[in-house]
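Below: the structure, in structure tokens.
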Amino acid sequence: VRAINIDNNLHGGASDLICYGRNFSDAEPDLWYSGYLTNALLNGLISGYEQANGEPSGIFGPADTITTSQALKIISRLNQRFIQRGNFSFPIPFSTPSRFDNHWAKEYILSASILGFDLVEDINSFNPERPIKRGEVVNLIVESMEIDPPHFTNYSLSDIDGYRYADAIEFAYRLGVIDGYPDGSFQPNRPVNRAEAVKILVESGRAFQLTWPGQ
């Protein structure tokens, strides 16, 4: 087990991305997310797309959205307390929809449901291919840390008061895990893209001082 290696001095140059095992043709070396991507690759939190034969495609897709099932897999990498794929040692206490039988993320979905995560509060209506929203990602991370955030009466971001996960968002904001848009909003219902996700992951590792088995 090793501590997450967070180095905000890494600027994510092309040589960094290549030496950590990925040469992404669509990851600009000097954009805002490059350093976070380098850190996420270094710590095995995220990878690029694969070809049909399992080989790297060389594409990261920074503007692509992340689905709910992909988010569950990423959270299992971020936090080892989240039950990992194939690591079931207890009976599942409910029947599961047959449509998940052959789904690649079945174990992650069942784990999240067993743990009571809001994202899978109704497993029968859970859509594993739906783009996950910014507010949902933040709440999912806070839930995976087994943290019950305090109730805030004042919010730093202009559009979260009254939102279901407002307290989780404010909690993460005060820890530096997330920040808002230049206009002071957070836009919790906007889908998360892959570039945004690597920043949230790396900042979560820093804020919560996470450790996990080395890749």
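In the structure tokens, chains take letters A, B, ... by order of appearance, with residues numbered from 1 within each chain and ligands from 1 in the order shown.
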(request) Determine which residues of stretch 51-212 of chain A receive a DSSP assignment of helix (DSSP H, G or I), computed from the backbone, and state them as a VMD selection string. (result) chain A and resid 68 to 78 98 to 100 106 to 114 118 to 120 134 to 144 166 to 175 194 to 208
(request) Check chain A with DSSP on the backbone and list each residue it calls strand (DSSP E or B), as a list in words. (result)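 Selection result, strand (DSSP E or B) within chain A: Arg2, Ala3, Glu50, Pro56, Thr65, Thr67, Pro131, Lys133, Pro191, Asn193, Thr211 and Trp212 of chain A.
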Limited to N, CA and C atoms, could you put the picked residues into a file as a tab-separated table (two decimals), in the first residue's frame?
chain	number	residue	atom	x	y	z
A	2	ARG	N	0.55	2.17	-0.89
A	2	ARG	CA	1.35	3.37	-0.95
A	2	ARG	C	0.45	4.59	-0.96
A	3	ALA	N	0.96	5.68	-0.44
A	3	ALA	CA	0.17	6.91	-0.43
A	3	ALA	C	0.05	7.47	-1.82
A	50	GLU	N	-9.58	2.00	-24.82
A	50	GLU	CA	-8.89	0.83	-25.36
A	50	GLU	C	-9.51	0.43	-26.69
A	56	PRO	N	-4.14	-0.02	-25.78
A	56	PRO	CA	-4.47	1.41	-25.69
A	56	PRO	C	-4.74	2.00	-27.07
A	65	THR	N	-18.17	12.82	-21.76
A	65	THR	CA	-18.82	12.68	-20.47
A	65	THR	C	-18.53	11.30	-19.87
A	67	THR	N	-20.12	8.11	-17.65
A	67	THR	CA	-21.39	7.50	-17.29
A	67	THR	C	-21.41	7.16	-15.80
A	131	PRO	N	-25.06	9.79	-18.50
A	131	PRO	CA	-23.96	10.65	-18.05
A	131	PRO	C	-24.19	11.10	-16.61
A	133	LYS	N	-23.86	13.50	-13.33
A	133	LYS	CA	-23.86	14.95	-13.16
A	133	LYS	C	-22.78	15.36	-12.15
A	191	PRO	N	-23.40	17.52	-16.89
A	191	PRO	CA	-22.60	16.28	-16.92
A	191	PRO	C	-21.11	16.56	-16.70
A	193	ASN	N	-17.23	15.90	-17.48
A	193	ASN	CA	-16.39	15.34	-18.54
A	193	ASN	C	-15.12	14.74	-17.94
A	211	THR	N	-4.90	6.13	0.37
A	211	THR	CA	-3.88	5.16	-0.01
A	211	THR	C	-4.57	3.97	-0.67
A	212	TRP	N	-3.81	3.22	-1.49
A	212	TRP	CA	-4.35	2.03	-2.12
A	212	TRP	C	-3.19	1.18	-2.60
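Of the listed residues (A:Ile109, A:Leu78, A:Ile141, A:Ala63), A:Leu78 comes nearest to A:Ala40; the distances count only C-alpha atoms.
In this model, the gap between atom CA of A:Lys106 and atom CA of A:Lys199 comes to 26.0 Å.
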(request) Do a neighbour search on stretch 110-113 of chain A at 8 Å with only C-alpha atoms, toss out local chain neighbours closer than 2 positions, and write the hits as a list in words. (result)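 Answer for this query is Leu72, Phe82, Ile83, Gln84, Lys106, Glu107, Tyr108, Leu115, Gly116, Phe117, Leu119, Val120, Glu121, Asp122 and Ile123 of chain A.
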Filtering to all heavy atoms, could you give me those residues as a compact mmCIF listing (two decimals), in the first residue's frame?
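See part.txt below for the written result:
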# COMPACT_ATOMS: atom_id res chain seq x y z
N LEU A 72 -18.65 4.77 -10.96
CA LEU A 72 -18.54 3.79 -9.88
C LEU A 72 -17.21 3.04 -9.94
O LEU A 72 -16.58 2.78 -8.91
CB LEU A 72 -19.71 2.81 -9.93
CG LEU A 72 -21.09 3.39 -9.62
CD1 LEU A 72 -22.17 2.35 -9.83
CD2 LEU A 72 -21.15 3.94 -8.20
N PHE A 82 -14.34 1.12 -0.91
CA PHE A 82 -15.44 0.75 -1.79
C PHE A 82 -15.21 -0.69 -2.22
O PHE A 82 -14.12 -1.04 -2.68
CB PHE A 82 -15.44 1.68 -3.01
CG PHE A 82 -16.58 1.45 -3.97
CD1 PHE A 82 -17.73 2.19 -3.87
CD2 PHE A 82 -16.47 0.51 -4.97
CE1 PHE A 82 -18.77 2.00 -4.77
CE2 PHE A 82 -17.50 0.30 -5.88
CZ PHE A 82 -18.66 1.05 -5.77
N ILE A 83 -16.21 -1.55 -2.06
CA ILE A 83 -16.05 -2.97 -2.37
C ILE A 83 -15.65 -3.13 -3.83
O ILE A 83 -16.30 -2.60 -4.73
CB ILE A 83 -17.34 -3.75 -2.10
CG1 ILE A 83 -17.76 -3.56 -0.64
CG2 ILE A 83 -17.17 -5.22 -2.41
CD1 ILE A 83 -19.11 -4.14 -0.33
N GLN A 84 -14.57 -3.84 -4.08
CA GLN A 84 -14.03 -3.93 -5.43
C GLN A 84 -14.62 -5.09 -6.21
O GLN A 84 -15.19 -6.03 -5.65
CB GLN A 84 -12.51 -4.08 -5.36
CG GLN A 84 -11.84 -2.85 -4.79
CD GLN A 84 -10.33 -2.96 -4.92
OE1 GLN A 84 -9.83 -3.53 -5.85
NE2 GLN A 84 -9.64 -2.39 -3.97
N LYS A 106 -21.33 -4.73 -13.42
CA LYS A 106 -22.31 -5.32 -12.51
C LYS A 106 -21.84 -5.28 -11.05
O LYS A 106 -22.59 -4.89 -10.16
CB LYS A 106 -22.60 -6.76 -12.91
CG LYS A 106 -23.53 -7.49 -11.95
CD LYS A 106 -23.77 -8.94 -12.37
CE LYS A 106 -24.67 -9.66 -11.37
NZ LYS A 106 -24.91 -11.06 -11.78
N GLU A 107 -20.60 -5.69 -10.81
CA GLU A 107 -20.10 -5.75 -9.44
C GLU A 107 -20.03 -4.38 -8.80
O GLU A 107 -20.31 -4.21 -7.61
CB GLU A 107 -18.73 -6.44 -9.39
CG GLU A 107 -18.77 -7.94 -9.68
CD GLU A 107 -18.75 -8.25 -11.17
OE1 GLU A 107 -18.77 -7.29 -11.97
OE2 GLU A 107 -18.73 -9.44 -11.51
N TYR A 108 -19.65 -3.37 -9.57
CA TYR A 108 -19.58 -2.01 -9.04
C TYR A 108 -20.98 -1.49 -8.71
O TYR A 108 -21.19 -0.83 -7.69
CB TYR A 108 -18.92 -1.07 -10.06
CG TYR A 108 -17.51 -1.46 -10.43
CD1 TYR A 108 -17.21 -1.87 -11.73
CD2 TYR A 108 -16.48 -1.43 -9.49
CE1 TYR A 108 -15.92 -2.23 -12.08
CE2 TYR A 108 -15.19 -1.79 -9.84
CZ TYR A 108 -14.92 -2.19 -11.13
OH TYR A 108 -13.64 -2.55 -11.47
N LEU A 115 -24.05 -0.74 -0.43
CA LEU A 115 -23.53 0.28 0.47
C LEU A 115 -24.49 1.44 0.65
O LEU A 115 -24.25 2.33 1.47
CB LEU A 115 -22.19 0.80 -0.05
CG LEU A 115 -21.03 -0.21 0.00
CD1 LEU A 115 -19.81 0.34 -0.72
CD2 LEU A 115 -20.69 -0.57 1.43
N GLY A 116 -25.59 1.44 -0.09
CA GLY A 116 -26.60 2.47 0.08
C GLY A 116 -26.29 3.80 -0.56
O GLY A 116 -26.81 4.84 -0.14
N PHE A 117 -25.46 3.80 -1.60
CA PHE A 117 -25.13 5.05 -2.28
C PHE A 117 -26.37 5.61 -2.98
O PHE A 117 -27.13 4.88 -3.63
CB PHE A 117 -24.02 4.83 -3.29
CG PHE A 117 -22.67 4.58 -2.68
CD1 PHE A 117 -21.57 4.30 -3.47
CD2 PHE A 117 -22.48 4.63 -1.29
CE1 PHE A 117 -20.32 4.07 -2.91
CE2 PHE A 117 -21.23 4.41 -0.73
CZ PHE A 117 -20.15 4.12 -1.54
N LEU A 119 -26.70 7.22 -5.64
CA LEU A 119 -26.72 7.06 -7.09
C LEU A 119 -27.47 5.80 -7.51
O LEU A 119 -28.06 5.74 -8.58
CB LEU A 119 -25.29 7.02 -7.64
CG LEU A 119 -25.12 7.08 -9.15
CD1 LEU A 119 -25.61 8.42 -9.69
CD2 LEU A 119 -23.66 6.86 -9.53
N VAL A 120 -27.46 4.78 -6.64
CA VAL A 120 -28.10 3.50 -6.95
C VAL A 120 -29.17 3.21 -5.91
O VAL A 120 -29.38 2.06 -5.52
CB VAL A 120 -27.05 2.36 -7.01
CG1 VAL A 120 -27.62 1.13 -7.74
CG2 VAL A 120 -25.79 2.80 -7.72
N GLU A 121 -29.86 4.23 -5.45
CA GLU A 121 -30.86 4.03 -4.40
C GLU A 121 -32.02 3.18 -4.90
O GLU A 121 -32.68 2.49 -4.11
CB GLU A 121 -31.36 5.36 -3.86
CG GLU A 121 -32.04 6.26 -4.87
CD GLU A 121 -32.41 7.60 -4.27
OE1 GLU A 121 -32.30 7.76 -3.04
OE2 GLU A 121 -32.80 8.51 -5.04
N ASP A 122 -32.28 3.19 -6.18
CA ASP A 122 -33.28 2.31 -6.78
C ASP A 122 -32.60 1.54 -7.91
O ASP A 122 -32.51 2.03 -9.04
CB ASP A 122 -34.47 3.10 -7.30
CG ASP A 122 -35.57 2.21 -7.88
OD1 ASP A 122 -35.37 0.97 -7.90
OD2 ASP A 122 -36.60 2.75 -8.31
N ILE A 123 -32.12 0.36 -7.58
CA ILE A 123 -31.34 -0.40 -8.56
C ILE A 123 -32.19 -0.79 -9.78
O ILE A 123 -31.67 -0.97 -10.88
CB ILE A 123 -30.71 -1.65 -7.91
CG1 ILE A 123 -29.61 -2.22 -8.82
CG2 ILE A 123 -31.76 -2.70 -7.59
CD1 ILE A 123 -28.76 -3.27 -8.16
